[in-house]
>>> print(open('structure_25.cif').read())   # mmCIF, C-alpha atoms
data_start
#
loop_
_atom_site.group_PDB
_atom_site.id
_atom_site.type_symbol
_atom_site.label_atom_id
_atom_site.label_comp_id
_atom_site.auth_asym_id
_atom_site.auth_seq_id
_atom_site.Cartn_x
_atom_site.Cartn_y
_atom_site.Cartn_z
ATOM 1 C CA MET A 1 89.931 80.768 39.588
ATOM 2 C CA ILE A 2 91.547 82.150 42.740
ATOM 3 C CA GLU A 3 89.419 83.327 45.653
ATOM 4 C CA PRO A 4 89.068 87.130 45.427
ATOM 5 C CA TYR A 5 89.903 89.727 48.058
ATOM 6 C CA ASN A 6 88.023 88.641 51.148
ATOM 7 C CA LYS A 7 88.673 90.105 54.582
ATOM 8 C CA GLN A 8 87.371 87.066 56.419
ATOM 9 C CA MET A 9 89.645 84.766 54.408
ATOM 10 C CA LEU A 10 92.645 86.954 55.243
ATOM 11 C CA LEU A 11 91.640 87.105 58.907
ATOM 12 C CA ARG A 12 91.750 83.306 58.934
ATOM 13 C CA LYS A 13 95.167 83.151 57.308
ATOM 14 C CA MET A 14 97.040 85.972 59.085
ATOM 15 C CA PRO A 15 97.132 84.327 62.562
ATOM 16 C CA GLY A 16 99.051 81.449 60.976
ATOM 17 C CA LEU A 17 101.943 83.812 60.259
ATOM 18 C CA SER A 18 104.394 85.147 62.819
ATOM 19 C CA ALA A 19 104.401 88.895 63.503
ATOM 20 C CA MET A 20 107.521 89.368 61.388
ATOM 21 C CA ALA A 21 106.111 87.194 58.602
ATOM 22 C CA ARG A 22 103.115 89.531 58.477
ATOM 23 C CA VAL A 23 105.501 92.469 58.057
ATOM 24 C CA VAL A 24 107.186 90.627 55.187
ATOM 25 C CA PHE A 25 103.813 89.958 53.588
ATOM 26 C CA ALA A 26 102.722 93.610 53.841
ATOM 27 C CA SER A 27 106.114 94.782 52.599
ATOM 28 C CA CYS A 28 105.868 92.461 49.596
ATOM 29 C CA CYS A 29 102.556 94.083 48.666
ATOM 30 C CA ALA A 30 104.082 97.541 49.156
ATOM 31 C CA SER A 31 107.137 96.652 47.062
ATOM 32 C CA ARG A 32 104.906 95.606 44.168
ATOM 33 C CA LEU A 33 103.027 98.920 44.298
ATOM 34 C CA PHE A 34 106.025 101.211 44.863
ATOM 35 C CA PRO A 35 107.087 101.297 41.151
ATOM 36 C CA THR A 36 103.749 102.954 40.362
ATOM 37 C CA TYR A 37 104.585 105.797 42.756
ATOM 38 C CA GLU A 38 107.985 106.192 41.091
ATOM 39 C CA LEU A 39 106.355 106.230 37.673
ATOM 40 C CA ILE A 40 103.971 109.033 38.681
ATOM 41 C CA HIS A 41 106.936 111.045 39.973
ATOM 42 C CA GLU A 42 108.703 110.573 36.632
ATOM 43 C CA LYS A 43 105.590 111.677 34.736
ATOM 44 C CA GLU A 44 104.597 114.654 36.874
ATOM 45 C CA GLY A 45 107.369 115.429 39.335
ATOM 46 C CA THR A 46 104.919 114.872 42.204
ATOM 47 C CA GLY A 47 105.590 112.860 45.353
ATOM 48 C CA GLU A 48 108.791 111.990 47.183
ATOM 49 C CA PRO A 49 109.849 108.497 46.106
ATOM 50 C CA ALA A 50 113.198 108.627 47.935
ATOM 51 C CA LYS A 51 111.434 109.191 51.274
ATOM 52 C CA LEU A 52 108.849 106.501 50.591
ATOM 53 C CA LYS A 53 111.546 104.031 49.524
ATOM 54 C CA ALA A 54 113.525 104.787 52.707
ATOM 55 C CA ALA A 55 110.458 103.983 54.815
ATOM 56 C CA LEU A 56 109.822 100.743 52.937
ATOM 57 C CA ASP A 57 113.498 99.820 53.193
ATOM 58 C CA TYR A 58 113.255 100.389 56.943
ATOM 59 C CA CYS A 59 110.527 97.734 57.121
ATOM 60 C CA TRP A 60 112.649 95.276 55.194
ATOM 61 C CA GLU A 61 115.834 95.975 57.139
ATOM 62 C CA SER A 62 114.007 95.552 60.454
ATOM 63 C CA VAL A 63 112.899 92.102 59.321
ATOM 64 C CA LEU A 64 116.278 91.122 57.917
ATOM 65 C CA THR A 65 118.242 92.257 60.973
ATOM 66 C CA GLY A 66 115.627 91.265 63.523
ATOM 67 C CA VAL A 67 116.015 94.702 65.119
ATOM 68 C CA LYS A 68 113.079 97.078 65.553
ATOM 69 C CA ASN A 69 113.807 100.553 66.884
ATOM 70 C CA GLU A 70 110.564 101.984 68.244
ATOM 71 C CA THR A 71 111.725 105.584 67.959
ATOM 72 C CA ALA A 72 112.888 105.157 64.366
ATOM 73 C CA CYS A 73 109.665 103.372 63.469
ATOM 74 C CA LYS A 74 107.547 106.199 64.887
ATOM 75 C CA LEU A 75 109.580 108.741 62.918
ATOM 76 C CA GLN A 76 109.033 106.791 59.695
ATOM 77 C CA LEU A 77 105.313 106.578 60.448
ATOM 78 C CA GLN A 78 105.177 110.354 60.848
ATOM 79 C CA VAL A 79 107.040 110.909 57.568
ATOM 80 C CA VAL A 80 104.795 108.551 55.621
ATOM 81 C CA GLU A 81 101.614 109.885 57.231
ATOM 82 C CA GLU A 82 102.551 113.329 55.869
ATOM 83 C CA MET A 83 103.076 111.759 52.442
ATOM 84 C CA VAL A 84 99.653 110.090 52.607
ATOM 85 C CA ASN A 85 98.049 113.438 53.453
ATOM 86 C CA ALA A 86 99.931 115.097 50.594
ATOM 87 C CA ALA A 87 98.718 112.404 48.184
ATOM 88 C CA TYR A 88 95.100 113.028 49.194
ATOM 89 C CA SER A 89 95.440 116.766 48.570
ATOM 90 C CA SER A 90 97.385 116.364 45.315
ATOM 91 C CA MET A 91 96.085 117.692 41.996
ATOM 92 C CA SER A 92 97.794 114.815 40.177
ATOM 93 C CA ALA A 93 96.101 113.037 37.272
ATOM 94 C CA PHE A 94 96.813 109.815 39.178
ATOM 95 C CA PRO A 95 95.711 110.662 42.735
ATOM 96 C CA HIS A 96 94.310 107.280 43.701
ATOM 97 C CA TYR A 97 97.532 105.431 42.848
ATOM 98 C CA SER A 98 99.602 107.853 44.949
ATOM 99 C CA GLN A 99 97.173 107.506 47.837
ATOM 100 C CA ASP A 100 97.366 103.722 47.766
ATOM 101 C CA ALA A 101 101.162 103.603 47.293
ATOM 102 C CA THR A 102 101.805 105.817 50.312
ATOM 103 C CA SER A 103 99.091 104.190 52.437
ATOM 104 C CA ILE A 104 100.392 100.689 51.794
ATOM 105 C CA VAL A 105 103.842 101.626 53.135
ATOM 106 C CA TYR A 106 102.144 103.211 56.143
ATOM 107 C CA TYR A 107 100.321 99.943 56.881
ATOM 108 C CA SER A 108 103.567 97.999 56.474
ATOM 109 C CA LEU A 109 105.133 100.240 59.117
ATOM 110 C CA LEU A 110 102.080 99.780 61.341
ATOM 111 C CA ALA A 111 102.398 96.012 60.964
ATOM 112 C CA LEU A 112 105.973 96.349 62.189
ATOM 113 C CA SER A 113 105.056 98.721 65.013
ATOM 114 C CA SER A 114 101.881 97.067 66.310
ATOM 115 C CA GLY A 115 102.063 93.424 65.268
ATOM 116 C CA LYS A 116 98.300 93.503 64.679
ATOM 117 C CA ILE A 117 96.867 91.209 62.009
ATOM 118 C CA GLU A 118 94.616 93.971 60.638
ATOM 119 C CA ASP A 119 97.473 96.065 59.236
ATOM 120 C CA PRO A 120 98.648 93.557 56.578
ATOM 121 C CA ILE A 121 94.993 93.178 55.576
ATOM 122 C CA TRP A 122 94.760 96.939 55.048
ATOM 123 C CA ALA A 123 97.890 96.652 52.890
ATOM 124 C CA VAL A 124 96.041 94.145 50.712
ATOM 125 C CA HIS A 125 93.117 96.565 50.585
ATOM 126 C CA CYS A 126 95.439 99.254 49.159
ATOM 127 C CA ILE A 127 96.881 97.095 46.406
ATOM 128 C CA TYR A 128 93.427 95.755 45.557
ATOM 129 C CA GLU A 129 92.165 99.309 45.112
ATOM 130 C CA SER A 130 95.040 100.242 42.784
ATOM 131 C CA VAL A 131 94.822 97.144 40.629
ATOM 132 C CA GLY A 132 91.038 97.449 40.551
ATOM 133 C CA ARG A 133 91.130 101.085 39.499
ATOM 134 C CA TYR A 134 93.599 100.263 36.751
ATOM 135 C CA ILE A 135 91.187 97.610 35.454
ATOM 136 C CA VAL A 136 88.183 99.946 35.669
ATOM 137 C CA THR A 137 89.885 102.802 33.813
ATOM 138 C CA LYS A 138 91.744 100.665 31.281
ATOM 139 C CA GLU A 139 88.595 98.784 30.318
ATOM 140 C CA GLY A 140 86.445 101.935 30.390
ATOM 141 C CA LEU A 141 84.010 100.523 32.929
ATOM 142 C CA LEU A 142 81.269 102.904 34.022
ATOM 143 C CA LEU A 143 80.861 103.439 37.762
ATOM 144 C CA LYS A 144 78.882 106.673 37.900
ATOM 145 C CA GLY A 145 75.120 107.022 37.558
ATOM 146 C CA LYS A 146 72.306 104.506 37.692
ATOM 147 C CA GLN A 147 73.854 102.496 34.848
ATOM 148 C CA GLY A 148 77.201 102.265 36.598
ATOM 149 C CA LEU A 149 78.541 98.884 37.658
ATOM 150 C CA LYS A 150 78.196 98.061 41.327
ATOM 151 C CA GLY A 151 77.813 95.107 43.642
ATOM 152 C CA GLN A 152 78.466 91.628 42.286
ATOM 153 C CA LYS A 153 78.706 92.808 38.673
ATOM 154 C CA LEU A 154 81.606 95.078 39.544
ATOM 155 C CA VAL A 155 83.157 92.400 41.759
ATOM 156 C CA SER A 156 83.128 89.896 38.888
ATOM 157 C CA LYS A 157 84.554 92.341 36.348
ATOM 158 C CA ILE A 158 87.469 93.251 38.599
ATOM 159 C CA ASN A 159 88.213 89.867 40.142
ATOM 160 C CA ASP A 160 88.041 87.940 36.861
ATOM 161 C CA SER A 161 90.660 90.167 35.263
ATOM 162 C CA PRO A 162 93.997 88.407 34.567
ATOM 163 C CA LEU A 163 95.806 91.316 36.256
ATOM 164 C CA MET A 164 93.843 90.881 39.489
ATOM 165 C CA GLN A 165 94.143 87.107 39.342
ATOM 166 C CA GLN A 166 97.898 87.549 39.053
ATOM 167 C CA GLU A 167 97.963 89.703 42.184
ATOM 168 C CA PHE A 168 95.795 87.219 44.103
ATOM 169 C CA SER A 169 98.103 84.381 43.133
ATOM 170 C CA ARG A 170 101.146 86.312 44.342
ATOM 171 C CA GLU A 171 99.547 87.117 47.698
ATOM 172 C CA LEU A 172 98.443 83.547 48.327
ATOM 173 C CA ARG A 173 101.848 82.250 47.239
ATOM 174 C CA ASP A 174 103.554 84.601 49.713
ATOM 175 C CA ILE A 175 101.221 83.567 52.536
ATOM 176 C CA GLU A 176 101.845 79.889 51.832
ATOM 177 C CA GLU A 177 105.615 80.323 51.831
ATOM 178 C CA LEU A 178 105.614 82.499 54.947
ATOM 179 C CA SER A 179 103.448 80.003 56.813
ATOM 180 C CA ASN A 180 106.563 77.823 56.902
ATOM 181 C CA GLY A 181 108.493 80.524 58.769
ATOM 182 C CA SER A 182 110.157 83.850 57.981
ATOM 183 C CA SER A 183 113.907 83.237 58.013
ATOM 184 C CA THR A 184 116.308 85.931 56.820
ATOM 185 C CA GLU A 185 116.936 83.943 53.648
ATOM 186 C CA ARG A 186 113.240 83.608 52.863
ATOM 187 C CA ALA A 187 112.625 87.308 53.551
ATOM 188 C CA GLN A 188 115.493 88.258 51.207
ATOM 189 C CA LEU A 189 114.066 85.999 48.504
ATOM 190 C CA LEU A 190 110.563 87.432 48.854
ATOM 191 C CA ARG A 191 111.920 90.976 48.809
ATOM 192 C CA ARG A 192 113.874 90.463 45.589
ATOM 193 C CA ARG A 193 110.915 88.740 43.983
ATOM 194 C CA ALA A 194 108.405 91.417 45.015
ATOM 195 C CA GLU A 195 110.663 94.178 43.715
ATOM 196 C CA ALA A 196 110.766 92.397 40.351
ATOM 197 C CA GLU A 197 106.959 91.980 40.188
ATOM 198 C CA PRO A 198 105.273 95.383 39.808
ATOM 199 C CA ALA A 199 101.550 95.149 40.443
ATOM 200 C CA LEU A 200 100.637 97.507 37.613
ATOM 201 C CA PRO A 201 101.815 98.030 34.021
ATOM 202 C CA ALA A 202 103.582 101.293 33.188
ATOM 203 C CA ASP A 203 100.775 102.636 30.959
ATOM 204 C CA LEU A 204 98.771 104.194 33.788
ATOM 205 C CA PRO A 205 95.363 105.514 32.720
ATOM 206 C CA ASP A 206 94.193 108.829 34.156
ATOM 207 C CA THR A 207 91.929 108.223 37.184
ATOM 208 C CA SER A 208 91.025 111.838 37.975
ATOM 209 C CA ASN A 209 87.486 111.427 36.572
ATOM 210 C CA LEU A 210 86.632 108.441 38.764
ATOM 211 C CA PRO A 211 84.199 108.887 41.664
ATOM 212 C CA SER A 212 85.853 109.506 44.999
ATOM 213 C CA VAL A 213 84.184 106.462 46.549
ATOM 214 C CA ARG A 214 86.610 103.593 47.090
ATOM 215 C CA LEU A 215 86.154 100.574 44.852
ATOM 216 C CA ILE A 216 85.481 98.238 47.737
ATOM 217 C CA GLN A 217 82.697 100.601 48.851
ATOM 218 C CA ALA A 218 81.227 100.600 45.334
ATOM 219 C CA MET A 219 81.363 96.808 45.279
ATOM 220 C CA MET A 220 79.184 96.727 48.386
ATOM 221 C CA LEU A 221 76.400 98.832 46.845
ATOM 222 C CA SER A 222 73.184 97.052 45.987
ATOM 223 C CA ASP A 223 71.479 97.143 42.600
ATOM 224 C CA ASP A 224 69.167 100.019 43.605
ATOM 225 C CA GLU A 225 72.073 102.213 44.691
ATOM 226 C CA PHE A 226 74.538 104.072 42.517
ATOM 227 C CA CYS A 227 77.782 106.035 42.708
ATOM 228 C CA LEU A 228 77.408 109.811 42.515
#
>>> encode(input="structure_25.cif", output="structure tokens")
Amino acid sequence: MIEPYNKQMLLRKMPGLSAMARVVFASCCASRLFPTYELIHEKEGTGEPAKLKAALDYCWESVLTGVKNETACKLQLQVVEEMVNAAYSSMSAFPHYSQDATSIVYYSLLALSSGKIEDPIWAVHCIYESVGRYIVTKEGLLLKGKQGLKGQKLVSKINDSPLMQQEFSRELRDIEELSNGSSTERAQLLRRRAEAEPALPADLPDTSNLPSVRLIQAMMLSDDEFCL
């Protein structure tokens, strides 16, 4: 069993990667979640996948060329921030997936802009939320009310899922490979691989009836607390 999402574990591992390697890592996570955003657009006509793809491509091209244009990066951040806000105000049947897919590209751009280790960790947070919500809705897990899953019970249900274990294994694999350096060739390989490894299946379940609380918040609730 692979160690589940753990901020302290990621904080220990991120300093071992170069700044550009952290951008590659975040962009790999974003590339695995991007197909879900495209799928929602195909289903509903919502979102702007071409703009989001351009922003993600900018991250990749900056890594591959070794050139970071501060002005261009700020412009992409502004574009994606507007897309994040639009996702949060959307009436889509799949709002949480759109929120995570836009936010994860935003954090990839922040990783490029700031070089801070926290931004790739927030990217992991986004993909964890999307995979977790897929598991919750697909398996019909109850989160609301006093009988709803929370705390360690919810943690175990989500983290033990083969789909989440698959995502963990991909993240840890990427970190291990990037710890050896982030050459252009390695970045190209990781990009192609991430684009061929969507994080979620195409049969997206409707998440509009889920509580607005984030999954990671629900997982921190104690047994005498419950989601409204």
>>> resolve_selection(input="structure_25.cif", expression="the PyMOL selection byres ((chain A and resi 71-86) around 10)", output="ChimeraX atom specification")
/A:46-49,51-52,54-56,58-59,62,68-70,87-91,95,98-110,112-113
>>> closest_residue(input="structure_25.cif", among="A:Leu189, A:Val124, A:Leu163, A:Val131", to="Ala30 (chain A)", atoms="only C-alpha atoms")
A:Val124
>>> resolve_selection(input="structure_25.cif", expression="the PyMOL selection byres ((chain A and resi 40) around 9)", output="MDAnalysis selection string")
chainID A and resid 35:39 41:47 92:94 97:98 204
>>> atom_distance(input="structure_25.cif", atom1="CA of Arg193 (chain A)", atom2="CA of Leu215 (chain A)")
27.5 Å
>>> resolve_selection(input="structure_25.cif", expression="the PyMOL selection byres ((chain A and resi 31) around 8)", output="PyMOL selection string")
chain A and resi 27-30+32-35+56+191+194-195+198
>>> write_last_selection(input="structure_25.cif", atoms="C-alpha atoms", output="PDB file, in the coordinates of the input")
ATOM      1  CA  SER A  27     106.114  94.782  52.599  1.00  0.00           C
ATOM      2  CA  CYS A  28     105.868  92.461  49.596  1.00  0.00           C
ATOM      3  CA  CYS A  29     102.556  94.083  48.666  1.00  0.00           C
ATOM      4  CA  ALA A  30     104.082  97.541  49.156  1.00  0.00           C
ATOM      5  CA  ARG A  32     104.906  95.606  44.168  1.00  0.00           C
ATOM      6  CA  LEU A  33     103.027  98.920  44.298  1.00  0.00           C
ATOM      7  CA  PHE A  34     106.025 101.211  44.863  1.00  0.00           C
ATOM      8  CA  PRO A  35     107.087 101.297  41.151  1.00  0.00           C
ATOM      9  CA  LEU A  56     109.822 100.743  52.937  1.00  0.00           C
ATOM     10  CA  ARG A 191     111.920  90.976  48.809  1.00  0.00           C
ATOM     11  CA  ALA A 194     108.405  91.417  45.015  1.00  0.00           C
ATOM     12  CA  GLU A 195     110.663  94.178  43.715  1.00  0.00           C
ATOM     13  CA  PRO A 198     105.273  95.383  39.808  1.00  0.00           C
TER      14      PRO A 198
END
>>> atom_distance(input="structure_25.cif", atom1="CA of Leu149 (chain A)", atom2="CA of Lys7 (chain A)")
21.6 Å
>>> axis_aligned_box(input="structure_25.cif", around="region 117-125 of chain A", padding_each_side="4 Å", output="lines of an AutoDock Vina configuration file")
center_x = 95.9
center_y = 94.1
center_z = 56.3
size_x = 13.5
size_y = 13.7
size_z = 19.4
>>> closest_residue(input="structure_25.cif", among="A:Cys126, A:Ile117, A:Leu190, A:Leu200", to="Arg173 (chain A)", atoms="only C-alpha atoms")
A:Leu190
>>> atom_distance(input="structure_25.cif", atom1="CA of Ala21 (chain A)", atom2="CA of Leu178 (chain A)")
6.0 Å
>>> closest_residue(input="structure_25.cif", among="A:Ser182, A:Ala26, A:Pro205, A:Arg214", to="Pro120 (chain A)", atoms="all atoms listed in the file")
A:Ala26
>>> closest_residue(input="structure_25.cif", among="A:Asp174, A:Pro201, A:His125, A:Lys157", to="Leu142 (chain A)", atoms="only C-alpha atoms")
A:Lys157
>>> decode(input="structure_25.cif", residues="region 143-175 of chain A", atoms="N, CA and C atoms", output="PDB file, in the first residue's frame")
ATOM      1  N   LEU A 143     -21.675  11.343   2.675  1.00  0.00           N
ATOM      2  CA  LEU A 143     -20.884  12.317   3.421  1.00  0.00           C
ATOM      3  C   LEU A 143     -21.753  13.192   4.313  1.00  0.00           C
ATOM      4  N   LYS A 144     -22.987  13.408   3.921  1.00  0.00           N
ATOM      5  CA  LYS A 144     -23.852  14.329   4.659  1.00  0.00           C
ATOM      6  C   LYS A 144     -24.483  13.669   5.877  1.00  0.00           C
ATOM      7  N   GLY A 145     -24.816  14.482   6.872  1.00  0.00           N
ATOM      8  CA  GLY A 145     -25.530  14.007   8.048  1.00  0.00           C
ATOM      9  C   GLY A 145     -24.653  13.292   9.049  1.00  0.00           C
ATOM     10  N   LYS A 146     -25.239  12.932  10.169  1.00  0.00           N
ATOM     11  CA  LYS A 146     -24.488  12.304  11.254  1.00  0.00           C
ATOM     12  C   LYS A 146     -23.954  10.933  10.877  1.00  0.00           C
ATOM     13  N   GLN A 147     -24.604  10.285   9.893  1.00  0.00           N
ATOM     14  CA  GLN A 147     -24.151   8.956   9.464  1.00  0.00           C
ATOM     15  C   GLN A 147     -23.110   9.033   8.345  1.00  0.00           C
ATOM     16  N   GLY A 148     -22.825  10.246   7.902  1.00  0.00           N
ATOM     17  CA  GLY A 148     -21.874  10.404   6.811  1.00  0.00           C
ATOM     18  C   GLY A 148     -20.453  10.037   7.217  1.00  0.00           C
ATOM     19  N   LEU A 149     -19.696   9.524   6.258  1.00  0.00           N
ATOM     20  CA  LEU A 149     -18.303   9.172   6.518  1.00  0.00           C
ATOM     21  C   LEU A 149     -17.478  10.424   6.759  1.00  0.00           C
ATOM     22  N   LYS A 150     -16.549  10.334   7.672  1.00  0.00           N
ATOM     23  CA  LYS A 150     -15.661  11.444   7.970  1.00  0.00           C
ATOM     24  C   LYS A 150     -14.395  10.877   8.617  1.00  0.00           C
ATOM     25  N   GLY A 151     -13.438  11.740   8.838  1.00  0.00           N
ATOM     26  CA  GLY A 151     -12.234  11.320   9.543  1.00  0.00           C
ATOM     27  C   GLY A 151     -11.541  10.131   8.907  1.00  0.00           C
ATOM     28  N   GLN A 152     -11.024   9.242   9.747  1.00  0.00           N
ATOM     29  CA  GLN A 152     -10.223   8.117   9.287  1.00  0.00           C
ATOM     30  C   GLN A 152     -11.022   7.138   8.431  1.00  0.00           C
ATOM     31  N   LYS A 153     -12.316   7.011   8.689  1.00  0.00           N
ATOM     32  CA  LYS A 153     -13.133   6.106   7.876  1.00  0.00           C
ATOM     33  C   LYS A 153     -13.189   6.576   6.430  1.00  0.00           C
ATOM     34  N   LEU A 154     -13.353   7.878   6.251  1.00  0.00           N
ATOM     35  CA  LEU A 154     -13.376   8.433   4.901  1.00  0.00           C
ATOM     36  C   LEU A 154     -11.997   8.352   4.266  1.00  0.00           C
ATOM     37  N   VAL A 155     -10.968   8.655   5.053  1.00  0.00           N
ATOM     38  CA  VAL A 155      -9.587   8.551   4.566  1.00  0.00           C
ATOM     39  C   VAL A 155      -9.319   7.154   4.002  1.00  0.00           C
ATOM     40  N   SER A 156      -9.680   6.129   4.772  1.00  0.00           N
ATOM     41  CA  SER A 156      -9.408   4.752   4.359  1.00  0.00           C
ATOM     42  C   SER A 156     -10.163   4.384   3.093  1.00  0.00           C
ATOM     43  N   LYS A 157     -11.443   4.778   3.026  1.00  0.00           N
ATOM     44  CA  LYS A 157     -12.250   4.457   1.849  1.00  0.00           C
ATOM     45  C   LYS A 157     -11.646   5.051   0.579  1.00  0.00           C
ATOM     46  N   ILE A 158     -11.216   6.291   0.672  1.00  0.00           N
ATOM     47  CA  ILE A 158     -10.670   6.983  -0.500  1.00  0.00           C
ATOM     48  C   ILE A 158      -9.274   6.473  -0.841  1.00  0.00           C
ATOM     49  N   ASN A 159      -8.406   6.418   0.161  1.00  0.00           N
ATOM     50  CA  ASN A 159      -7.008   6.076  -0.104  1.00  0.00           C
ATOM     51  C   ASN A 159      -6.793   4.620  -0.495  1.00  0.00           C
ATOM     52  N   ASP A 160      -7.686   3.735  -0.064  1.00  0.00           N
ATOM     53  CA  ASP A 160      -7.543   2.317  -0.403  1.00  0.00           C
ATOM     54  C   ASP A 160      -8.071   1.989  -1.790  1.00  0.00           C
ATOM     55  N   SER A 161      -8.743   2.936  -2.411  1.00  0.00           N
ATOM     56  CA  SER A 161      -9.288   2.697  -3.748  1.00  0.00           C
ATOM     57  C   SER A 161      -8.166   2.479  -4.763  1.00  0.00           C
ATOM     58  N   PRO A 162      -8.317   1.506  -5.671  1.00  0.00           N
ATOM     59  CA  PRO A 162      -7.303   1.292  -6.715  1.00  0.00           C
ATOM     60  C   PRO A 162      -7.038   2.545  -7.544  1.00  0.00           C
ATOM     61  N   LEU A 163      -8.081   3.358  -7.780  1.00  0.00           N
ATOM     62  CA  LEU A 163      -7.898   4.573  -8.578  1.00  0.00           C
ATOM     63  C   LEU A 163      -6.988   5.561  -7.861  1.00  0.00           C
ATOM     64  N   MET A 164      -7.180   5.722  -6.536  1.00  0.00           N
ATOM     65  CA  MET A 164      -6.322   6.636  -5.793  1.00  0.00           C
ATOM     66  C   MET A 164      -4.917   6.060  -5.644  1.00  0.00           C
ATOM     67  N   GLN A 165      -4.821   4.772  -5.425  1.00  0.00           N
ATOM     68  CA  GLN A 165      -3.501   4.149  -5.339  1.00  0.00           C
ATOM     69  C   GLN A 165      -2.719   4.333  -6.636  1.00  0.00           C
ATOM     70  N   GLN A 166      -3.428   4.266  -7.750  1.00  0.00           N
ATOM     71  CA  GLN A 166      -2.783   4.487  -9.047  1.00  0.00           C
ATOM     72  C   GLN A 166      -2.227   5.898  -9.146  1.00  0.00           C
ATOM     73  N   GLU A 167      -3.012   6.879  -8.688  1.00  0.00           N
ATOM     74  CA  GLU A 167      -2.539   8.267  -8.735  1.00  0.00           C
ATOM     75  C   GLU A 167      -1.359   8.466  -7.794  1.00  0.00           C
ATOM     76  N   PHE A 168      -1.416   7.917  -6.595  1.00  0.00           N
ATOM     77  CA  PHE A 168      -0.270   8.004  -5.679  1.00  0.00           C
ATOM     78  C   PHE A 168       0.995   7.450  -6.322  1.00  0.00           C
ATOM     79  N   SER A 169       0.850   6.284  -6.946  1.00  0.00           N
ATOM     80  CA  SER A 169       2.024   5.628  -7.526  1.00  0.00           C
ATOM     81  C   SER A 169       2.630   6.480  -8.633  1.00  0.00           C
ATOM     82  N   ARG A 170       1.784   7.143  -9.407  1.00  0.00           N
ATOM     83  CA  ARG A 170       2.277   8.010 -10.477  1.00  0.00           C
ATOM     84  C   ARG A 170       3.018   9.219  -9.907  1.00  0.00           C
ATOM     85  N   GLU A 171       2.465   9.824  -8.860  1.00  0.00           N
ATOM     86  CA  GLU A 171       3.118  10.984  -8.259  1.00  0.00           C
ATOM     87  C   GLU A 171       4.481  10.619  -7.668  1.00  0.00           C
ATOM     88  N   LEU A 172       4.525   9.527  -6.935  1.00  0.00           N
ATOM     89  CA  LEU A 172       5.786   9.118  -6.319  1.00  0.00           C
ATOM     90  C   LEU A 172       6.808   8.690  -7.362  1.00  0.00           C
ATOM     91  N   ARG A 173       6.337   8.064  -8.436  1.00  0.00           N
ATOM     92  CA  ARG A 173       7.220   7.711  -9.549  1.00  0.00           C
ATOM     93  C   ARG A 173       7.816   8.966 -10.168  1.00  0.00           C
ATOM     94  N   ASP A 174       6.978   9.989 -10.401  1.00  0.00           N
ATOM     95  CA  ASP A 174       7.464  11.233 -10.995  1.00  0.00           C
ATOM     96  C   ASP A 174       8.484  11.914 -10.095  1.00  0.00           C
ATOM     97  N   ILE A 175       8.194  11.952  -8.787  1.00  0.00           N
ATOM     98  CA  ILE A 175       9.127  12.574  -7.846  1.00  0.00           C
ATOM     99  C   ILE A 175      10.465  11.850  -7.860  1.00  0.00           C
TER     100      ILE A 175
END
